[in-house]
file target.pdb (PDB, C-alpha atoms and all ligand atoms)
ATOM      1  CA  MET A 356      -5.393 -12.764  -8.847  1.00  0.00           C
ATOM      2  CA  GLU A 357      -4.919  -9.033  -8.482  1.00  0.00           C
ATOM      3  CA  LEU A 358      -1.458  -7.609  -7.842  1.00  0.00           C
ATOM      4  CA  LEU A 359      -2.177  -6.499  -4.272  1.00  0.00           C
ATOM      5  CA  GLN A 360      -3.383  -9.990  -3.443  1.00  0.00           C
ATOM      6  CA  ARG A 361       0.051 -11.318  -4.360  1.00  0.00           C
ATOM      7  CA  LEU A 362       1.944  -8.928  -2.072  1.00  0.00           C
ATOM      8  CA  THR A 363       2.997  -9.595   1.512  1.00  0.00           C
ATOM      9  CA  ALA A 364       2.675  -7.130   4.398  1.00  0.00           C
ATOM     10  CA  ARG A 365       6.478  -6.877   4.465  1.00  0.00           C
ATOM     11  CA  GLN A 366       6.612  -5.910   0.794  1.00  0.00           C
ATOM     12  CA  VAL A 367       3.998  -3.222   1.451  1.00  0.00           C
ATOM     13  CA  ASP A 368       6.162  -1.929   4.340  1.00  0.00           C
ATOM     14  CA  ILE A 369       8.968  -1.438   1.817  1.00  0.00           C
ATOM     15  CA  LEU A 370       6.666   0.358  -0.641  1.00  0.00           C
ATOM     16  CA  ARG A 371       5.558   2.619   2.219  1.00  0.00           C
ATOM     17  CA  LEU A 372       9.135   3.590   3.113  1.00  0.00           C
ATOM     18  CA  LEU A 373       9.991   4.256  -0.523  1.00  0.00           C
ATOM     19  CA  ALA A 374       6.784   6.259  -1.086  1.00  0.00           C
ATOM     20  CA  ARG A 375       7.779   8.648   1.700  1.00  0.00           C
ATOM     21  CA  ARG A 376      10.517  10.138  -0.417  1.00  0.00           C
ATOM     22  CA  PRO A 377       9.185  10.227  -3.970  1.00  0.00           C
ATOM     23  CA  ALA A 378      11.231  13.312  -4.761  1.00  0.00           C
ATOM     24  CA  SER A 379      14.549  11.753  -3.886  1.00  0.00           C
ATOM     25  CA  PRO A 380      16.529  11.273  -7.082  1.00  0.00           C
ATOM     26  CA  LYS A 381      18.766   8.667  -5.514  1.00  0.00           C
ATOM     27  CA  GLY A 382      16.307   6.377  -3.774  1.00  0.00           C
ATOM     28  CA  MET A 383      17.014   4.488  -0.557  1.00  0.00           C
ATOM     29  CA  ALA A 384      20.010   2.351   0.310  1.00  0.00           C
ATOM     30  CA  LEU A 385      19.622  -1.189   1.598  1.00  0.00           C
ATOM     31  CA  LYS A 386      20.907  -0.194   5.040  1.00  0.00           C
ATOM     32  CA  GLU A 387      18.382   2.633   5.346  1.00  0.00           C
ATOM     33  CA  LEU A 388      15.538   0.288   4.435  1.00  0.00           C
ATOM     34  CA  ALA A 389      16.810  -2.373   6.855  1.00  0.00           C
ATOM     35  CA  ALA A 390      16.956   0.195   9.682  1.00  0.00           C
ATOM     36  CA  GLY A 391      13.481   1.489   8.819  1.00  0.00           C
ATOM     37  CA  LEU A 392      11.997  -2.002   8.899  1.00  0.00           C
ATOM     38  CA  GLY A 393      14.016  -3.424  11.767  1.00  0.00           C
ATOM     39  CA  ILE A 394      15.186  -6.401   9.695  1.00  0.00           C
ATOM     40  CA  ARG A 395      18.554  -7.459   8.281  1.00  0.00           C
ATOM     41  CA  PRO A 396      19.799  -6.203   4.875  1.00  0.00           C
ATOM     42  CA  PRO A 397      19.769  -9.700   3.272  1.00  0.00           C
ATOM     43  CA  SER A 398      16.062  -9.994   4.124  1.00  0.00           C
ATOM     44  CA  VAL A 399      15.391  -6.582   2.606  1.00  0.00           C
ATOM     45  CA  LEU A 400      17.230  -7.632  -0.536  1.00  0.00           C
ATOM     46  CA  PHE A 401      15.080 -10.743  -0.778  1.00  0.00           C
ATOM     47  CA  HIS A 402      11.868  -8.675  -0.652  1.00  0.00           C
ATOM     48  CA  LEU A 403      13.275  -6.023  -2.996  1.00  0.00           C
ATOM     49  CA  THR A 404      14.088  -8.642  -5.607  1.00  0.00           C
ATOM     50  CA  SER A 405      10.467  -9.819  -5.612  1.00  0.00           C
ATOM     51  CA  LEU A 406       9.225  -6.228  -5.879  1.00  0.00           C
ATOM     52  CA  GLU A 407      11.616  -5.603  -8.742  1.00  0.00           C
ATOM     53  CA  ARG A 408      10.317  -8.668 -10.613  1.00  0.00           C
ATOM     54  CA  LEU A 409       6.792  -7.329 -10.206  1.00  0.00           C
ATOM     55  CA  GLY A 410       7.938  -4.033 -11.753  1.00  0.00           C
ATOM     56  CA  LEU A 411       7.144  -2.012  -8.624  1.00  0.00           C
ATOM     57  CA  VAL A 412      10.675  -1.073  -7.594  1.00  0.00           C
ATOM     58  CA  GLU A 413      13.795  -0.242  -9.548  1.00  0.00           C
ATOM     59  CA  ARG A 414      17.342  -0.404  -8.248  1.00  0.00           C
ATOM     60  CA  TYR A 415      20.272   1.568  -9.499  1.00  0.00           C
ATOM     61  CA  ARG A 416      23.722   1.574  -7.925  1.00  0.00           C
ATOM     62  CA  GLY A 417      22.429   0.031  -4.722  1.00  0.00           C
ATOM     63  CA  LYS A 418      19.591   2.519  -4.278  1.00  0.00           C
ATOM     64  CA  SER A 419      15.930   1.588  -4.606  1.00  0.00           C
ATOM     65  CA  GLN A 420      12.958   3.663  -5.623  1.00  0.00           C
ATOM     66  CA  LEU A 421       9.355   3.140  -6.690  1.00  0.00           C
ATOM     67  CA  THR A 422       8.456   2.859 -10.363  1.00  0.00           C
ATOM     68  CA  ALA A 423       5.282   4.582 -11.616  1.00  0.00           C
ATOM     69  CA  ALA A 424       3.536   1.218 -11.216  1.00  0.00           C
ATOM     70  CA  GLY A 425       4.910   0.979  -7.667  1.00  0.00           C
ATOM     71  CA  THR A 426       3.524   4.404  -6.788  1.00  0.00           C
ATOM     72  CA  ALA A 427       0.108   3.524  -8.265  1.00  0.00           C
ATOM     73  CA  THR A 428       0.071   0.186  -6.441  1.00  0.00           C
ATOM     74  CA  TYR A 429       0.893   1.800  -3.119  1.00  0.00           C
ATOM     75  CA  LEU A 430      -1.924   4.320  -3.639  1.00  0.00           C
ATOM     76  CA  GLU A 431      -4.302   1.446  -4.329  1.00  0.00           C
ATOM     77  CA  TYR A 432      -3.058  -0.251  -1.167  1.00  0.00           C
ATOM     78  CA  GLN A 433      -3.766   2.882   0.876  1.00  0.00           C
ATOM     79  CA  ARG A 434      -7.271   2.834  -0.499  1.00  0.00           C
ATOM     80  CA  HIS A 435      -7.817  -0.801   0.513  1.00  0.00           C
ATOM     81  CA  HIS A 436      -6.322  -0.181   3.955  1.00  0.00           C
ATOM     82  CA  ARG A 437      -8.257   2.986   4.744  1.00  0.00           C
ATOM     83  CA  VAL A 438     -11.615   1.721   3.427  1.00  0.00           C
ATOM     84  CA  ALA A 439     -11.080  -1.338   5.671  1.00  0.00           C
ATOM     85  CA  GLU A 440     -10.223   0.946   8.611  1.00  0.00           C
ATOM     86  CA  ALA A 441     -13.401   2.965   8.032  1.00  0.00           C
ATOM     87  CA  LEU A 442     -15.411  -0.260   7.986  1.00  0.00           C
ATOM     88  CA  PHE A 443     -13.983  -1.449  11.292  1.00  0.00           C
ATOM     89  CA  ALA A 444     -14.595   1.966  12.851  1.00  0.00           C
ATOM     90  CA  GLN A 445     -18.226   1.824  11.693  1.00  0.00           C
ATOM     91  CA  VAL A 446     -18.818  -1.506  13.400  1.00  0.00           C
ATOM     92  CA  GLY A 447     -17.416  -0.096  16.624  1.00  0.00           C
ATOM     93  CA  LEU A 448     -13.739  -1.002  16.890  1.00  0.00           C
ATOM     94  CA  PRO A 449     -11.818   1.665  18.835  1.00  0.00           C
ATOM     95  CA  PRO A 450      -9.564   3.954  16.759  1.00  0.00           C
ATOM     96  CA  GLY A 451      -6.467   2.360  18.260  1.00  0.00           C
ATOM     97  CA  GLU A 452      -7.488  -1.037  16.894  1.00  0.00           C
ATOM     98  CA  VAL A 453      -8.700  -0.302  13.357  1.00  0.00           C
ATOM     99  CA  CYS A 454      -5.255  -0.088  11.744  1.00  0.00           C
ATOM    100  CA  ARG A 455      -4.167  -3.494  13.029  1.00  0.00           C
ATOM    101  CA  ALA A 456      -7.515  -5.041  12.087  1.00  0.00           C
ATOM    102  CA  ALA A 457      -7.385  -3.495   8.596  1.00  0.00           C
ATOM    103  CA  ARG A 458      -3.927  -4.967   8.022  1.00  0.00           C
ATOM    104  CA  GLU A 459      -5.418  -8.422   8.502  1.00  0.00           C
ATOM    105  CA  ILE A 460      -7.611  -8.013   5.426  1.00  0.00           C
ATOM    106  CA  ASP A 461      -6.388  -5.116   3.268  1.00  0.00           C
ATOM    107  CA  LEU A 462      -4.259  -7.259   0.934  1.00  0.00           C
ATOM    108  CA  VAL A 463      -6.752 -10.080   0.449  1.00  0.00           C
ATOM    109  CA  LEU A 464      -9.746  -7.964  -0.603  1.00  0.00           C
ATOM    110  CA  ALA A 465     -10.388  -7.669  -4.344  1.00  0.00           C
ATOM    111  CA  HIS A 466     -10.699  -4.147  -5.780  1.00  0.00           C
ATOM    112  CA  ARG A 467     -14.346  -4.884  -6.533  1.00  0.00           C
ATOM    113  CA  THR A 468     -15.046  -5.722  -2.896  1.00  0.00           C
ATOM    114  CA  VAL A 469     -13.314  -2.533  -1.772  1.00  0.00           C
ATOM    115  CA  GLU A 470     -15.514  -0.549  -4.182  1.00  0.00           C
ATOM    116  CA  GLN A 471     -18.600  -2.223  -2.718  1.00  0.00           C
ATOM    117  CA  LEU A 472     -17.489  -1.474   0.838  1.00  0.00           C
ATOM    118  CA  CYS A 473     -16.707   2.099  -0.137  1.00  0.00           C
ATOM    119  CA  ARG A 474     -20.199   2.537  -1.568  1.00  0.00           C
ATOM    120  CA  ALA A 475     -21.778   0.959   1.534  1.00  0.00           C
ATOM    121  CA  GLU A 476     -19.759   3.382   3.657  1.00  0.00           C
ATOM    122  CA  ARG A 477     -20.983   6.273   1.470  1.00  0.00           C
ATOM    123  CA  HIS A 478     -17.546   7.031   0.081  1.00  0.00           C
ATOM    124  CA  PRO A 479     -15.671   8.288   3.150  1.00  0.00           C
ATOM    125  CA  ARG A 480     -13.044  10.931   2.323  1.00  0.00           C
ATOM    126  CA  THR A 481     -10.721  10.040   5.164  1.00  0.00           C
ATOM    127  CA  CYS A 482      -9.879   7.058   7.348  1.00  0.00           C
ATOM    128  CA  PRO A 483     -10.604   7.200  11.115  1.00  0.00           C
ATOM    129  CA  HIS A 484      -7.128   8.759  11.590  1.00  0.00           C
ATOM    130  CA  GLY A 485      -7.901  11.586   9.192  1.00  0.00           C
ATOM    131  CA  ASP A 486      -5.699  10.344   6.339  1.00  0.00           C
ATOM    132  CA  PRO A 487      -7.184  10.871   2.865  1.00  0.00           C
ATOM    133  CA  ILE A 488      -8.763   7.906   1.065  1.00  0.00           C
ATOM    134  CA  PRO A 489      -7.869   7.944  -2.651  1.00  0.00           C
ATOM    135  CA  PRO A 490     -11.133   8.230  -4.633  1.00  0.00           C
ATOM    136  CA  CYS A 491     -12.683   5.011  -5.971  1.00  0.00           C
ATOM    137  CA  ARG A 492     -13.125   4.333  -9.682  1.00  0.00           C
ATOM    138  CA  ALA A 493     -16.779   5.375  -9.653  1.00  0.00           C
ATOM    139  CA  GLU A 494     -15.741   8.829  -8.465  1.00  0.00           C
ATOM    140  CA  ARG A 495     -12.778   9.276 -10.784  1.00  0.00           C
ATOM    141  CA  PRO A 496     -13.415  11.204 -13.986  1.00  0.00           C
ATOM    142  CA  ALA A 497     -13.816   8.805 -16.935  1.00  0.00           C
ATOM    143  CA  ARG A 498     -10.748   8.376 -19.118  1.00  0.00           C
ATOM    144  CA  ARG A 499     -10.978   9.299 -22.779  1.00  0.00           C
TER     145      ARG A 499
HETATM  146 ZN    ZN A 501      -3.790   2.129   9.277  1.00  0.00          ZN
HETATM  147 ZN    ZN A 502      -5.870   5.254   9.067  1.00  0.00          ZN
END
call {"tool": "encode", "arguments": {"input": "target.pdb", "output": "structure tokens"}}
result
Amino acid sequence: MELLQRLTARQVDILRLLARRPASPKGMALKELAAGLGIRPPSVLFHLTSLERLGLVERYRGKSQLTAAGTATYLEYQRHHRVAEALFAQVGLPPGEVCRAAREIDLVLAHRTVEQLCRAERHPRTCPHGDPIPPCRAERPARR
């Protein structure tokens, strides 16, 4: 099972909040995260602990931030989400509906399936909302 397939939508919400301030040296406090998500701090802590075990988040003196793996994973998530949004837009869902629909499938799709969808969609550069889609592996320069 791929890493994204093991994450929950709530965990991705936390990665999203943390990704918004990559430059912050201190990270986010539990209270800030709880307010951002509209859930109680003990629930946030529960999700953070799982993310920490997966190596995606690190906590120091009560503040949380993304690890390099966390940043890469969130980027991969954005790719899954936005390729799924582009797919739903292509089959005719209205722009206001594609985000919700994409959230129903973005975590369960394997990377390989996302690559296949991306190819079928002729490698869209942006999602229907105009947000950039991180390039797929086929488009990335080969590593040496
Ligand atoms: Zn969306
Ligand atoms: Zn979008």
call {"tool": "resolve_selection", "arguments": {"input": "target.pdb", "expression": "the PyMOL selection byres (((not hetatm)) within 12 of (chain A and resi 501))", "output": "PyMOL selection string"}}
result
chain A and resi 368+371+432-444+450-461+481-488
call {"tool": "residues_around", "arguments": {"input": "target.pdb", "residues": "A:Ala424", "least_positions_apart": "3", "cutoff": "10 Å", "atoms": "all atoms listed in the file", "output": "PyMOL selection string"}}
result
chain A and resi 409-412+421+427-430
call {"tool": "residues_around", "arguments": {"input": "target.pdb", "residues": "A:Cys491", "least_positions_apart": "4", "cutoff": "9 Å", "atoms": "all atoms listed in the file", "output": "list in words"}}
result
Arg434, Val469, Glu470, Cys473, His478 and Arg495 of chain A
call {"tool": "resolve_selection", "arguments": {"input": "target.pdb", "expression": "the PyMOL selection byres (((chain A and resi 372) around 12) and not hetatm)", "output": "ChimeraX atom specification"}}
result
/A:365-371,373-377,382-385,387-392,399,412,419-421,425-426,429
call {"tool": "atom_distance", "arguments": {"input": "target.pdb", "atom1": "atom CA of A:Glu407", "atom2": "atom CA of A:Arg467"}}
result
26.1 Å
call {"tool": "atom_distance", "arguments": {"input": "target.pdb", "atom1": "atom CA of A:Arg477", "atom2": "atom CA of A:Pro449"}}
result
20.2 Å
call {"tool": "axis_aligned_box", "arguments": {"input": "target.pdb", "around": "stretch 394-413 of chain A", "padding_each_side": "8 Å", "output": "AutoDock Vina command-line options"}}
result
--center_x 13.3 --center_y -5.5 --center_z -1.0 --size_x 29.0 --size_y 26.5 --size_z 37.4
call {"tool": "residues_around", "arguments": {"input": "target.pdb", "residues": "A:Met356", "least_positions_apart": "2", "cutoff": "10 Å", "atoms": "all atoms listed in the file", "output": "list in words"}}
result
Leu358, Leu359, Gln360, Arg361, Val463 and Ala465 of chain A
call {"tool": "write_last_selection", "arguments": {"input": "target.pdb", "atoms": "C-alpha atoms", "output": "CSV table (one decimal), in the coordinates of the input"}}
result
chain,number,residue,atom,x,y,z
A,358,LEU,CA,-1.5,-7.6,-7.8
A,359,LEU,CA,-2.2,-6.5,-4.3
A,360,GLN,CA,-3.4,-10.0,-3.4
A,361,ARG,CA,0.1,-11.3,-4.4
A,463,VAL,CA,-6.8,-10.1,0.4
A,465,ALA,CA,-10.4,-7.7,-4.3
call {"tool": "atom_distance", "arguments": {"input": "target.pdb", "atom1": "atom CA of A:Ala423", "atom2": "atom CA of A:Arg474"}}
result
27.5 Å
call {"tool": "closest_residue", "arguments": {"input": "target.pdb", "among": "A:Pro490, A:Pro479, A:Lys381, A:Leu406", "to": "ligand ZN 502 (chain A)", "atoms": "all atoms listed in the file"}}
result
A:Pro479
call {"tool": "closest_residue", "arguments": {"input": "target.pdb", "among": "A:Lys386, A:Arg480, A:Ala364, A:His466", "to": "ligand ZN 502 (chain A)", "atoms": "only C-alpha atoms and all ligand atoms"}}
result
A:Arg480
call {"tool": "build_atoms", "arguments": {"input": "target.pdb", "residues": "stretch 394-430 of chain A", "atoms": "N, CA and C atoms", "output": "mmCIF file, keeping the file's coordinate frame"}}
result
data_model
loop_
_atom_site.group_PDB
_atom_site.id
_atom_site.type_symbol
_atom_site.label_atom_id
_atom_site.label_comp_id
_atom_site.auth_asym_id
_atom_site.auth_seq_id
_atom_site.Cartn_x
_atom_site.Cartn_y
_atom_site.Cartn_z
ATOM 1 N N ILE A 394 14.766 -5.052 10.123
ATOM 2 C CA ILE A 394 15.186 -6.401 9.695
ATOM 3 C C ILE A 394 16.576 -6.303 9.053
ATOM 4 N N ARG A 395 17.192 -7.466 8.798
ATOM 5 C CA ARG A 395 18.554 -7.459 8.281
ATOM 6 C C ARG A 395 18.589 -7.178 6.768
ATOM 7 N N PRO A 396 19.696 -6.530 6.303
ATOM 8 C CA PRO A 396 19.799 -6.203 4.875
ATOM 9 C C PRO A 396 19.554 -7.382 3.915
ATOM 10 N N PRO A 397 20.045 -8.601 4.220
ATOM 11 C CA PRO A 397 19.769 -9.700 3.272
ATOM 12 C C PRO A 397 18.274 -9.979 3.117
ATOM 13 N N SER A 398 17.515 -9.797 4.211
ATOM 14 C CA SER A 398 16.062 -9.994 4.124
ATOM 15 C C SER A 398 15.429 -8.912 3.263
ATOM 16 N N VAL A 399 15.913 -7.681 3.424
ATOM 17 C CA VAL A 399 15.391 -6.582 2.606
ATOM 18 C C VAL A 399 15.647 -6.878 1.132
ATOM 19 N N LEU A 400 16.849 -7.333 0.843
ATOM 20 C CA LEU A 400 17.230 -7.632 -0.536
ATOM 21 C C LEU A 400 16.306 -8.685 -1.143
ATOM 22 N N PHE A 401 15.989 -9.686 -0.342
ATOM 23 C CA PHE A 401 15.080 -10.743 -0.778
ATOM 24 C C PHE A 401 13.720 -10.148 -1.185
ATOM 25 N N HIS A 402 13.168 -9.277 -0.347
ATOM 26 C CA HIS A 402 11.868 -8.675 -0.652
ATOM 27 C C HIS A 402 11.969 -7.713 -1.840
ATOM 28 N N LEU A 403 13.073 -6.983 -1.893
ATOM 29 C CA LEU A 403 13.275 -6.023 -2.996
ATOM 30 C C LEU A 403 13.325 -6.734 -4.346
ATOM 31 N N THR A 404 13.974 -7.880 -4.360
ATOM 32 C CA THR A 404 14.088 -8.642 -5.607
ATOM 33 C C THR A 404 12.703 -9.043 -6.121
ATOM 34 N N SER A 405 11.841 -9.468 -5.202
ATOM 35 C CA SER A 405 10.467 -9.819 -5.612
ATOM 36 C C SER A 405 9.743 -8.591 -6.145
ATOM 37 N N LEU A 406 9.910 -7.470 -5.465
ATOM 38 C CA LEU A 406 9.225 -6.228 -5.879
ATOM 39 C C LEU A 406 9.737 -5.758 -7.237
ATOM 40 N N GLU A 407 11.016 -5.982 -7.468
ATOM 41 C CA GLU A 407 11.616 -5.603 -8.742
ATOM 42 C C GLU A 407 11.035 -6.467 -9.869
ATOM 43 N N ARG A 408 10.897 -7.759 -9.612
ATOM 44 C CA ARG A 408 10.317 -8.668 -10.613
ATOM 45 C C ARG A 408 8.883 -8.284 -10.950
ATOM 46 N N LEU A 409 8.181 -7.743 -9.968
ATOM 47 C CA LEU A 409 6.792 -7.329 -10.206
ATOM 48 C C LEU A 409 6.724 -5.961 -10.889
ATOM 49 N N GLY A 410 7.895 -5.326 -11.066
ATOM 50 C CA GLY A 410 7.938 -4.033 -11.753
ATOM 51 C C GLY A 410 7.552 -2.855 -10.859
ATOM 52 N N LEU A 411 7.585 -3.064 -9.534
ATOM 53 C CA LEU A 411 7.144 -2.012 -8.624
ATOM 54 C C LEU A 411 8.296 -1.168 -8.089
ATOM 55 N N VAL A 412 9.494 -1.750 -8.123
ATOM 56 C CA VAL A 412 10.675 -1.073 -7.594
ATOM 57 C C VAL A 412 11.787 -1.180 -8.625
ATOM 58 N N GLU A 413 12.606 -0.124 -8.706
ATOM 59 C CA GLU A 413 13.795 -0.242 -9.548
ATOM 60 C C GLU A 413 15.022 0.092 -8.719
ATOM 61 N N ARG A 414 16.118 -0.625 -8.998
ATOM 62 C CA ARG A 414 17.342 -0.404 -8.248
ATOM 63 C C ARG A 414 18.432 0.063 -9.186
ATOM 64 N N TYR A 415 19.170 1.047 -8.712
ATOM 65 C CA TYR A 415 20.272 1.568 -9.499
ATOM 66 C C TYR A 415 21.403 1.913 -8.557
ATOM 67 N N ARG A 416 22.550 1.341 -8.775
ATOM 68 C CA ARG A 416 23.722 1.574 -7.925
ATOM 69 C C ARG A 416 23.402 1.410 -6.442
ATOM 70 N N GLY A 417 22.700 0.343 -6.123
ATOM 71 C CA GLY A 417 22.429 0.031 -4.722
ATOM 72 C C GLY A 417 21.297 0.814 -4.070
ATOM 73 N N LYS A 418 20.699 1.738 -4.844
ATOM 74 C CA LYS A 418 19.591 2.519 -4.278
ATOM 75 C C LYS A 418 18.282 2.072 -4.927
ATOM 76 N N SER A 419 17.233 2.038 -4.114
ATOM 77 C CA SER A 419 15.930 1.588 -4.606
ATOM 78 C C SER A 419 14.927 2.718 -4.611
ATOM 79 N N GLN A 420 14.080 2.723 -5.620
ATOM 80 C CA GLN A 420 12.958 3.663 -5.623
ATOM 81 C C GLN A 420 11.752 3.033 -6.310
ATOM 82 N N LEU A 421 10.584 3.651 -6.091
ATOM 83 C CA LEU A 421 9.355 3.140 -6.690
ATOM 84 C C LEU A 421 9.320 3.466 -8.184
ATOM 85 N N THR A 422 8.774 2.551 -8.972
ATOM 86 C CA THR A 422 8.456 2.859 -10.363
ATOM 87 C C THR A 422 7.083 3.541 -10.362
ATOM 88 N N ALA A 423 6.629 3.995 -11.535
ATOM 89 C CA ALA A 423 5.282 4.582 -11.616
ATOM 90 C C ALA A 423 4.249 3.540 -11.189
ATOM 91 N N ALA A 424 4.464 2.299 -11.597
ATOM 92 C CA ALA A 424 3.536 1.218 -11.216
ATOM 93 C C ALA A 424 3.580 0.999 -9.699
ATOM 94 N N GLY A 425 4.767 1.142 -9.111
ATOM 95 C CA GLY A 425 4.910 0.979 -7.667
ATOM 96 C C GLY A 425 4.148 2.057 -6.914
ATOM 97 N N THR A 426 4.241 3.288 -7.410
ATOM 98 C CA THR A 426 3.524 4.404 -6.788
ATOM 99 C C THR A 426 2.010 4.176 -6.877
ATOM 100 N N ALA A 427 1.542 3.769 -8.064
ATOM 101 C CA ALA A 427 0.108 3.524 -8.265
ATOM 102 C C ALA A 427 -0.367 2.377 -7.373
ATOM 103 N N THR A 428 0.445 1.345 -7.258
ATOM 104 C CA THR A 428 0.071 0.186 -6.441
ATOM 105 C C THR A 428 -0.008 0.562 -4.965
ATOM 106 N N TYR A 429 0.932 1.399 -4.524
ATOM 107 C CA TYR A 429 0.893 1.800 -3.119
ATOM 108 C C TYR A 429 -0.344 2.663 -2.827
ATOM 109 N N LEU A 430 -0.716 3.506 -3.785
ATOM 110 C CA LEU A 430 -1.924 4.320 -3.639
ATOM 111 C C LEU A 430 -3.161 3.428 -3.523
#
